[in-house]
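Structure data (PDB, C-alpha atoms) from work_28.pdb:
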```pdb
ATOM      1  CA  MET A  50     111.236  68.564  71.777
ATOM      2  CA  ALA A  51     113.656  66.536  73.872
ATOM      3  CA  ALA A  52     113.949  67.395  77.544
ATOM      4  CA  ALA A  53     116.983  69.456  78.487
ATOM      5  CA  SER A  54     119.846  67.587  80.064
ATOM      6  CA  PRO A  55     120.969  68.488  83.619
ATOM      7  CA  GLU A  56     123.975  70.324  82.157
ATOM      8  CA  GLU A  57     121.796  72.358  79.785
ATOM      9  CA  TRP A  58     119.397  73.184  82.616
ATOM     10  CA  TYR A  59     122.295  74.274  84.824
ATOM     11  CA  ARG A  60     123.815  76.472  82.118
ATOM     12  CA  SER A  61     120.438  78.039  81.399
ATOM     13  CA  LEU A  62     120.298  79.534  84.894
ATOM     14  CA  PRO A  63     121.203  83.236  85.224
ATOM     15  CA  LYS A  64     124.698  84.046  86.474
ATOM     16  CA  ILE A  65     123.979  85.013  90.081
ATOM     17  CA  THR A  66     121.384  82.300  90.663
ATOM     18  CA  ARG A  67     123.730  79.685  89.190
ATOM     19  CA  GLY A  68     126.651  80.947  91.241
ATOM     20  CA  TYR A  69     124.665  81.014  94.493
ATOM     21  CA  LEU A  70     123.294  77.517  93.846
ATOM     22  CA  THR A  71     126.783  76.175  93.129
ATOM     23  CA  ALA A  72     128.298  77.772  96.242
ATOM     24  CA  ALA A  73     125.491  76.496  98.494
ATOM     25  CA  LEU A  74     125.660  72.972  97.089
ATOM     26  CA  ALA A  75     129.466  72.827  97.279
ATOM     27  CA  THR A  76     129.478  74.094 100.877
ATOM     28  CA  THR A  77     126.917  71.532 102.009
ATOM     29  CA  VAL A  78     128.835  68.706 100.292
ATOM     30  CA  CYS A  79     132.077  69.775 101.991
ATOM     31  CA  VAL A  80     130.400  69.953 105.393
ATOM     32  CA  GLN A  81     128.630  66.636 104.847
ATOM     33  CA  LEU A  82     131.927  64.964 103.944
ATOM     34  CA  GLU A  83     133.569  66.662 106.948
ATOM     35  CA  LEU A  84     136.065  68.440 104.736
ATOM     36  CA  ILE A  85     135.271  71.675 106.546
ATOM     37  CA  SER A  86     133.584  72.343 109.853
ATOM     38  CA  PRO A  87     130.475  74.507 110.215
ATOM     39  CA  PHE A  88     132.273  76.223 113.099
ATOM     40  CA  LEU A  89     134.753  77.593 110.567
ATOM     41  CA  ILE A  90     132.159  79.316 108.388
ATOM     42  CA  TYR A  91     129.449  80.598 110.722
ATOM     43  CA  LEU A  92     129.109  84.284 111.622
ATOM     44  CA  ASP A  93     131.301  84.705 114.703
ATOM     45  CA  PHE A  94     131.846  88.370 115.518
ATOM     46  CA  ASP A  95     134.601  87.609 118.012
ATOM     47  CA  ALA A  96     136.604  85.691 115.398
ATOM     48  CA  LEU A  97     135.726  88.323 112.816
ATOM     49  CA  THR A  98     137.107  91.232 114.813
ATOM     50  CA  GLY A  99     139.689  89.467 116.990
ATOM     51  CA  LYS A 100     141.262  87.080 114.467
ATOM     52  CA  PHE A 101     140.271  88.946 111.285
ATOM     53  CA  GLU A 102     138.534  85.886 109.819
ATOM     54  CA  LEU A 103     136.823  88.021 107.206
ATOM     55  CA  TRP A 104     135.595  85.082 105.117
ATOM     56  CA  ARG A 105     132.843  84.535 107.688
ATOM     57  CA  LEU A 106     131.060  87.602 106.260
ATOM     58  CA  ALA A 107     130.449  85.584 103.072
ATOM     59  CA  THR A 108     130.433  81.922 104.076
ATOM     60  CA  ASN A 109     127.556  82.266 106.529
ATOM     61  CA  PHE A 110     125.289  83.170 103.580
ATOM     62  CA  ILE A 111     125.949  79.986 101.575
ATOM     63  CA  PHE A 112     125.240  77.233 104.120
ATOM     64  CA  PHE A 113     121.598  76.091 104.226
ATOM     65  CA  GLY A 114     122.289  73.123 106.504
ATOM     66  CA  LYS A 115     123.130  69.498 105.829
ATOM     67  CA  PHE A 116     121.313  67.318 103.317
ATOM     68  CA  GLY A 117     117.621  66.943 104.121
ATOM     69  CA  MET A 118     114.182  68.180 103.118
ATOM     70  CA  GLY A 119     114.958  71.653 104.439
ATOM     71  CA  PHE A 120     118.026  71.863 102.234
ATOM     72  CA  VAL A 121     116.101  70.627  99.177
ATOM     73  CA  PHE A 122     113.304  73.150  99.681
ATOM     74  CA  SER A 123     115.826  75.965 100.147
ATOM     75  CA  LEU A 124     117.549  75.200  96.848
ATOM     76  CA  PHE A 125     114.182  74.819  95.118
ATOM     77  CA  PHE A 126     113.098  78.253  96.333
ATOM     78  CA  LEU A 127     116.460  79.734  95.334
ATOM     79  CA  VAL A 128     116.218  78.421  91.774
ATOM     80  CA  ARG A 129     112.481  79.054  91.403
ATOM     81  CA  TYR A 130     112.311  82.630  92.649
ATOM     82  CA  GLY A 131     115.910  83.738  92.254
ATOM     83  CA  ARG A 132     115.875  82.912  88.562
ATOM     84  CA  GLU A 133     112.654  84.826  87.893
ATOM     85  CA  LEU A 134     113.847  87.806  89.928
ATOM     86  CA  GLU A 135     117.129  87.954  88.041
ATOM     87  CA  ALA A 136     115.414  87.460  84.682
ATOM     88  CA  LYS A 137     112.938  90.329  85.179
ATOM     89  CA  ARG A 138     113.987  92.930  87.732
ATOM     90  CA  TYR A 139     117.707  92.525  87.010
ATOM     91  CA  GLU A 140     117.599  91.482  83.371
ATOM     92  CA  GLY A 141     121.071  91.964  81.902
ATOM     93  CA  ARG A 142     122.245  93.451  85.237
ATOM     94  CA  ALA A 143     123.838  90.582  87.122
ATOM     95  CA  ALA A 144     126.237  92.993  88.819
ATOM     96  CA  ASP A 145     123.345  95.058  90.192
ATOM     97  CA  LEU A 146     121.722  91.935  91.665
ATOM     98  CA  LEU A 147     124.965  90.884  93.342
ATOM     99  CA  TRP A 148     125.419  94.429  94.646
ATOM    100  CA  ALA A 149     121.847  94.414  95.992
ATOM    101  CA  MET A 150     122.507  91.113  97.756
ATOM    102  CA  MET A 151     125.641  92.593  99.309
ATOM    103  CA  ILE A 152     123.640  95.557 100.618
ATOM    104  CA  ILE A 153     120.983  93.206 101.994
ATOM    105  CA  GLY A 154     123.740  91.095 103.526
ATOM    106  CA  LEU A 155     125.219  94.092 105.354
ATOM    107  CA  ILE A 156     121.782  94.944 106.744
ATOM    108  CA  GLN A 157     121.320  91.372 107.934
ATOM    109  CA  VAL A 158     124.778  91.253 109.509
ATOM    110  CA  ALA A 159     123.935  94.444 111.416
ATOM    111  CA  ILE A 160     120.679  92.891 112.640
ATOM    112  CA  ALA A 161     122.521  89.695 113.608
ATOM    113  CA  PHE A 162     125.026  91.747 115.572
ATOM    114  CA  VAL A 163     122.176  93.316 117.540
ATOM    115  CA  MET A 164     120.271  90.048 117.980
ATOM    116  CA  GLY A 165     123.389  88.037 118.803
ATOM    117  CA  SER A 166     121.900  84.631 117.930
ATOM    118  CA  MET A 167     122.044  84.212 114.155
ATOM    119  CA  PRO A 168     125.102  82.157 113.145
ATOM    120  CA  PHE A 169     123.940  81.592 109.551
ATOM    121  CA  LEU A 170     122.127  84.083 107.336
ATOM    122  CA  ALA A 171     121.481  81.943 104.263
ATOM    123  CA  GLN A 172     117.803  81.531 105.109
ATOM    124  CA  PRO A 173     117.230  85.278 105.720
ATOM    125  CA  MET A 174     118.940  86.021 102.379
ATOM    126  CA  LEU A 175     116.618  83.538 100.660
ATOM    127  CA  SER A 176     113.625  85.189 102.342
ATOM    128  CA  ALA A 177     114.797  88.587 101.082
ATOM    129  CA  ILE A 178     115.033  87.213  97.525
ATOM    130  CA  VAL A 179     111.507  85.818  97.814
ATOM    131  CA  TYR A 180     110.282  89.162  99.156
ATOM    132  CA  LEU A 181     111.760  91.090  96.222
ATOM    133  CA  TRP A 182     110.247  88.521  93.869
ATOM    134  CA  SER A 183     106.832  88.991  95.488
ATOM    135  CA  ARG A 184     107.074  92.745  94.864
ATOM    136  CA  GLU A 185     108.058  92.232  91.237
ATOM    137  CA  TYR A 186     105.273  89.691  90.595
ATOM    138  CA  ALA A 187     102.755  91.174  93.015
ATOM    139  CA  ASP A 188      99.656  90.206  90.992
ATOM    140  CA  GLN A 189     100.687  86.640  90.221
ATOM    141  CA  ILE A 190      98.755  83.802  91.864
ATOM    142  CA  VAL A 191     100.848  81.270  93.795
ATOM    143  CA  SER A 192      99.718  77.781  94.781
ATOM    144  CA  ILE A 193     100.696  76.736  98.310
ATOM    145  CA  PHE A 194     101.440  72.998  98.081
ATOM    146  CA  GLY A 195      98.312  72.598  95.950
ATOM    147  CA  LEU A 196      96.087  73.333  98.953
ATOM    148  CA  PHE A 197      95.143  76.966  98.343
ATOM    149  CA  ASN A 198      96.158  79.952  96.239
ATOM    150  CA  VAL A 199      97.425  83.327  97.373
ATOM    151  CA  GLN A 200      98.488  86.492  95.644
ATOM    152  CA  ALA A 201     102.256  86.713  95.283
ATOM    153  CA  PHE A 202     102.280  89.976  97.236
ATOM    154  CA  TYR A 203     101.358  88.023 100.404
ATOM    155  CA  PHE A 204     103.543  84.993  99.682
ATOM    156  CA  PRO A 205     106.432  85.855 102.094
ATOM    157  CA  TRP A 206     103.975  86.310 104.944
ATOM    158  CA  VAL A 207     102.314  82.987 104.163
ATOM    159  CA  LEU A 208     105.695  81.265 104.352
ATOM    160  CA  LEU A 209     106.328  82.959 107.689
ATOM    161  CA  GLY A 210     102.965  81.713 108.979
ATOM    162  CA  ILE A 211     103.704  78.162 107.807
ATOM    163  CA  ARG A 212     107.035  78.246 109.631
ATOM    164  CA  VAL A 213     105.283  79.313 112.848
ATOM    165  CA  LEU A 214     102.666  76.562 112.438
ATOM    166  CA  MET A 215     105.490  74.034 112.121
ATOM    167  CA  GLY A 216     106.859  75.177 115.475
ATOM    168  CA  GLN A 217     109.907  76.965 114.109
ATOM    169  CA  SER A 218     111.173  80.455 114.838
ATOM    170  CA  PRO A 219     109.978  83.150 112.412
ATOM    171  CA  LEU A 220     113.132  85.233 113.016
ATOM    172  CA  ASP A 221     114.888  84.241 109.768
ATOM    173  CA  ASP A 222     111.853  85.153 107.659
ATOM    174  CA  LEU A 223     111.327  88.432 109.504
ATOM    175  CA  VAL A 224     114.965  89.478 109.024
ATOM    176  CA  GLY A 225     114.726  88.605 105.331
ATOM    177  CA  ILE A 226     111.488  90.538 104.847
ATOM    178  CA  ILE A 227     112.814  93.594 106.704
ATOM    179  CA  SER A 228     116.117  93.720 104.816
ATOM    180  CA  GLY A 229     114.414  93.075 101.471
ATOM    181  CA  HIS A 230     111.878  95.807 102.149
ATOM    182  CA  ILE A 231     114.626  98.306 103.006
ATOM    183  CA  LEU A 232     116.187  97.728  99.590
ATOM    184  CA  TYR A 233     112.796  97.872  97.851
ATOM    185  CA  PHE A 234     111.860 101.080  99.670
ATOM    186  CA  ALA A 235     115.171 102.741  98.810
ATOM    187  CA  GLU A 236     115.068 101.861  95.097
ATOM    188  CA  ASP A 237     111.391 101.712  94.133
ATOM    189  CA  VAL A 238     109.796 104.173  96.551
ATOM    190  CA  GLN A 239     112.542 106.729  97.174
ATOM    191  CA  GLY A 240     114.086 106.320  93.719
ATOM    192  CA  LEU A 241     117.654 105.939  94.955
ATOM    193  CA  SER A 242     120.173 104.539  92.481
ATOM    194  CA  LEU A 243     121.926 101.525  93.991
ATOM    195  CA  ALA A 244     123.782 100.486  90.843
ATOM    196  CA  ALA A 245     126.870  98.326  91.152
ATOM    197  CA  PRO A 246     130.336  99.903  90.804
ATOM    198  CA  ALA A 247     131.785 100.071  87.298
ATOM    199  CA  PHE A 248     134.418  97.394  87.911
ATOM    200  CA  LEU A 249     131.738  94.928  89.042
ATOM    201  CA  ARG A 250     129.577  95.683  86.001
ATOM    202  CA  ASP A 251     132.566  95.193  83.693
ATOM    203  CA  LEU A 252     133.349  91.881  85.389
ATOM    204  CA  LEU A 253     129.852  90.364  85.298
ATOM    205  CA  ASP A 254     128.041  92.187  82.509
ATOM    206  CA  GLY A 255     130.950  93.084  80.230
ATOM    207  CA  PRO A 256     132.072  96.588  79.234
ATOM    208  CA  ALA A 257     129.058  98.687  78.332
ATOM    209  CA  ALA A 258     129.021 100.839  75.221
ATOM    210  CA  VAL A 259     129.606 104.465  76.146
ATOM    211  CA  PRO A 260     126.872 106.790  74.790
ATOM    212  CA  ALA A 261     128.104 109.457  72.404
ATOM    213  CA  GLU A 262     127.046 112.287  74.690
ATOM    214  CA  ALA A 263     128.895 110.719  77.619
ATOM    215  CA  ARG A 264     132.225 110.578  75.816
ATOM    216  CA  ASN A 265     132.703 114.324  76.226
ATOM    217  CA  ARG A 266     132.028 114.211  79.959
ATOM    218  CA  ASN A 267     134.749 114.297  82.562
ATOM    219  CA  ALA A 268     134.902 112.237  85.765
ATOM    220  CA  PHE A 269     132.541 114.657  87.503
ATOM    221  CA  GLY A 270     129.880 114.550  84.770
ATOM    222  CA  ARG A 271     130.673 118.003  83.416
ATOM    223  CA  TYR A 272     131.312 118.702  79.754
ATOM    224  CA  ALA A 273     134.933 118.197  78.768
ATOM    225  CA  TRP A 274     135.764 120.919  76.294
ATOM    226  CA  GLY A 275     138.107 119.181  73.883
ATOM    227  CA  GLY A 276     141.780 119.974  73.796
ATOM    228  CA  GLY A 277     142.027 122.246  76.815
ATOM    229  CA  GLY A 278     143.722 125.645  76.894
ATOM    230  CA  GLN A 279     146.455 126.509  74.463
ATOM    231  CA  ARG A 280     148.774 129.455  74.157
ATOM    232  CA  LEU A 281     149.308 131.031  70.762
ATOM    233  CA  GLY A 282     152.953 130.111  70.832
ATOM    234  CA  GLY A 283     151.936 126.503  70.143
ATOM    235  CA  VAL A 284     149.737 127.032  67.088
ATOM    236  CA  SER A 285     150.702 126.195  63.525
ATOM    237  CA  ALA A 286     152.684 128.363  61.121
ATOM    238  CA  SER A 287     149.597 129.099  59.023
ATOM    239  CA  SER A 288     147.764 130.307  62.112
ATOM    240  CA  ARG A 289     150.714 132.603  62.928
ATOM    241  CA  MET A 290     150.554 134.000  59.392
ATOM    242  CA  TYR A 291     146.885 134.896  59.757
ATOM    243  CA  LEU A 292     147.520 136.729  62.995
ATOM    244  CA  ALA A 293     150.566 138.425  61.498
ATOM    245  CA  ILE A 294     148.343 139.917  58.798
ATOM    246  CA  VAL A 295     146.083 141.352  61.444
ATOM    247  CA  ALA A 296     148.956 142.630  63.567
ATOM    248  CA  ARG A 297     150.734 144.333  60.656
ATOM    249  CA  SER A 298     147.615 146.140  59.454
ATOM    250  CA  PRO A 299     145.874 147.465  62.559
ATOM    251  CA  ALA A 300     144.572 150.517  60.724
ATOM    252  CA  TYR A 301     142.873 148.385  58.102
ATOM    253  CA  PHE A 302     141.614 145.496  60.200
ATOM    254  CA  GLY A 303     140.734 147.718  63.083
ATOM    255  CA  LEU A 304     140.300 146.681  66.650
ATOM    256  CA  GLY A 305     140.390 143.006  67.172
ATOM    257  CA  ALA A 306     140.341 139.321  66.391
ATOM    258  CA  VAL A 307     138.262 136.495  67.799
ATOM    259  CA  TYR A 308     139.265 132.855  68.134
ATOM    260  CA  ARG A 309     136.580 130.348  69.055
ATOM    261  CA  GLY A 310     137.535 126.846  70.047
ATOM    262  CA  HIS A 311     140.506 126.558  72.379
ATOM    263  CA  SER A 312     141.250 129.210  74.945
ATOM    264  CA  LEU A 313     144.106 131.399  73.686
ATOM    265  CA  HIS A 314     146.089 134.163  75.302
ATOM    266  CA  LEU A 315     146.075 136.622  72.449
ATOM    267  CA  GLY A 316     148.556 139.061  73.932
ATOM    268  CA  THR A 317     151.424 136.549  74.166
ATOM    269  CA  LEU A 318     152.108 135.833  70.493
ATOM    270  CA  SER A 319     155.344 137.276  69.205
ATOM    271  CA  VAL A 320     154.815 138.180  65.530
ATOM    272  CA  PRO A 321     157.918 139.325  63.640
ATOM    273  CA  GLY A 322     157.513 142.800  62.210
ATOM    274  CA  ALA A 323     154.150 143.302  63.843
ATOM    275  CA  ALA A 324     152.855 146.670  64.852
ATOM    276  CA  ALA A 325     151.995 147.559  68.392
ATOM    277  CA  THR A 326     149.563 145.198  70.121
ATOM    278  CA  PRO A 327     146.031 146.015  68.920
ATOM    279  CA  ASN A 328     143.214 146.828  71.284
ATOM    280  CA  TRP A 329     141.602 143.377  71.390
ATOM    281  CA  GLY A 330     138.932 144.405  73.861
ATOM    282  CA  GLY A 331     136.973 146.502  71.389
ATOM    283  CA  MET A 332     136.352 143.847  68.790
ATOM    284  CA  PHE A 333     132.582 144.275  68.779
ATOM    285  CA  ALA A 334     132.685 148.076  68.788
ATOM    286  CA  CYS A 335     131.709 150.079  65.740
ATOM    287  CA  CYS A 336     134.868 149.996  63.613
ATOM    288  CA  PRO A 337     136.010 150.058  59.980
ATOM    289  CA  CYS A 338     136.471 146.324  59.925
ATOM    290  CA  ASN A 339     136.178 143.371  62.231
ATOM    291  CA  PHE A 340     138.400 140.379  61.559
ATOM    292  CA  LEU A 341     136.937 137.079  62.739
ATOM    293  CA  ILE A 342     138.956 133.938  63.180
ATOM    294  CA  ARG A 343     136.860 130.870  64.120
ATOM    295  CA  ASP A 344     137.063 127.145  64.754
ATOM    296  CA  ARG A 345     140.755 126.504  65.133
ATOM    297  CA  PHE A 346     141.540 128.937  62.270
ATOM    298  CA  LYS A 347     139.863 126.620  59.751
ATOM    299  CA  ALA A 348     137.605 129.426  58.481
ATOM    300  CA  ILE A 349     138.687 133.064  58.253
ATOM    301  CA  TRP A 350     136.677 135.793  56.777
ATOM    302  CA  TYR A 351     136.299 139.550  57.120
ATOM    303  CA  CYS A 352     133.927 142.250  56.181
ATOM    304  CA  LYS A 353     134.606 145.854  55.283
ATOM    305  CA  ALA A 354     132.220 148.274  56.822
ATOM    306  CA  ASN A 355     133.533 151.125  54.628
ATOM    307  CA  ASN A 356     133.801 149.392  51.214
ATOM    308  CA  HIS A 357     137.429 148.242  51.733
TER     309      HIS A 357
END
```

Hey, can you dump this file as structure tokens for me?
Amino acid sequence: MAAASPEEWYRSLPKITRGYLTAALATTVCVQLELISPFLIYLDFDALTGKFELWRLATNFIFFGKFGMGFVFSLFFLVRYGRELEAKRYEGRAADLLWAMMIIGLIQVAIAFVMGSMPFLAQPMLSAIVYLWSREYADQIVSIFGLFNVQAFYFPWVLLGIRVLMGQSPLDDLVGIISGHILYFAEDVQGLSLAAPAFLRDLLDGPAAVPAEARNRNAFGRYAWGGGGQRLGGVSASSRMYLAIVARSPAYFGLGAVYRGHSLHLGTLSVPGAAATPNWGGMFACCPCNFLIRDRFKAIWYCKANNH
């Protein structure tokens, strides 16, 4: 089998992983070519609140630095672990993954606001993705640069230790692990539903087929009884005829009529030539005859208790 071309490999990536990779690569190229300045995209709370530069809430997550080994490793980790996470935990749910990343991003922005020294949060977001991956593939064995193997469950902590050994700050990894664990704890331990809004699911995953039982539910999840209330003045001529028979022969048909289906106000129908309004309340009492009208007047039958 021939090796896949770069275009085929790129198109084979899941939606969110492909989109994140594209945004990160495009941002780095623009910064490298000096088309945009890093000072325009970093997380600046003064510019965010004072000048309403709201794009900084998103752009600080897509800049992994200029071209170099650090940038290459970041994109490798994004493709390697982001793709597997999206393919398993969020299979067919690209919107839910994007929504989860937005929740993680808000947590990280809050931490950055408290810390006050985190201009870019791309690396913490990548660490959170790796943490969620390690939870999903907890029993998998991971090779660390071919030197030794570790269980995937401990992989984020090994990366944190390597960063410390290289003389770098472990803050980015810690923020990523903490924010990723908050999401994992909420969904997998507490069982909270953090599904994406419907409009986001329709945009990324396409309109989902509505289950048959959900079609009769209203916006609040309660059963929507079809048709709503209806007064007898709006029913068909045949339905009026049936009620006219009952109204004209109260002695024969006795005490009442029942309509099951739509809610009807039985006392409001004006029937020409009808006798006085029958006593509808006693329809289940012992009587010569009970007249039963059911299911939108589609079936009408009666019984004679006294051989009528």

Using the chain letters and numbers from this file, what does the PyMOL selection byres ((chain A and resi 71) around 12) select? Give the answer as a compact mmCIF listing (two decimals) with C-alpha atoms, in the coordinates of the input.
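Listed below is the output, part-v3.txt:
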```
# COMPACT_ATOMS: atom_id res chain seq x y z
CA TYR A 59 122.30 74.27 84.82
CA ARG A 60 123.82 76.47 82.12
CA LEU A 62 120.30 79.53 84.89
CA PRO A 63 121.20 83.24 85.22
CA LYS A 64 124.70 84.05 86.47
CA ILE A 65 123.98 85.01 90.08
CA THR A 66 121.38 82.30 90.66
CA ARG A 67 123.73 79.68 89.19
CA GLY A 68 126.65 80.95 91.24
CA TYR A 69 124.66 81.01 94.49
CA LEU A 70 123.29 77.52 93.85
CA ALA A 72 128.30 77.77 96.24
CA ALA A 73 125.49 76.50 98.49
CA LEU A 74 125.66 72.97 97.09
CA ALA A 75 129.47 72.83 97.28
CA THR A 76 129.48 74.09 100.88
CA THR A 77 126.92 71.53 102.01
CA VAL A 78 128.84 68.71 100.29
CA ILE A 111 125.95 79.99 101.58
CA PHE A 112 125.24 77.23 104.12
CA LEU A 124 117.55 75.20 96.85
CA LEU A 127 116.46 79.73 95.33
CA VAL A 128 116.22 78.42 91.77
```

Checklist entry - Between atom CA of Ser218 of chain A and atom CA of Ile231 of chain A, what is the distance, to one decimal in Å? => result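 If I compute the distance from atom CA of Ser218 of chain A to atom CA of Ile231 of chain A, I get 21.7 Å.
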
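Nearest residue to Ala235 of chain A among A:Arg132, A:Val191, A:Met118, A:Ile153 is A:Ile153, counting all atoms listed in the file.
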
Next on the checklist: Taking 5 positions as the minimum chain separation for residues in the same chain, which residues sit within 10 Å of Ala143 of chain A when counting all atoms listed in the file? Answer as a PyMOL selection string.
Outcome noted: chain A and resi 63-66+135-136+148-149+245+249-250+252-254

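Between atom CA of Leu223 of chain A and atom CA of Glu102 of chain A the interatomic distance comes to 27.3 Å.
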
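When all atoms listed in the file are used to measure the gap to Asp93 of chain A, the shortest distance among A:Met167, A:Leu241, A:Ala201, A:Met174 belongs to A:Met167.
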
Checklist entry - Which residues match the PyMOL selection byres ((chain A and resi 90) around 8) in the file above, as a list in words? => result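 Applying the expression gives Ser86, Pro87, Phe88, Leu89, Tyr91, Leu92, Trp104, Arg105, Thr108 and Asn109 of chain A.
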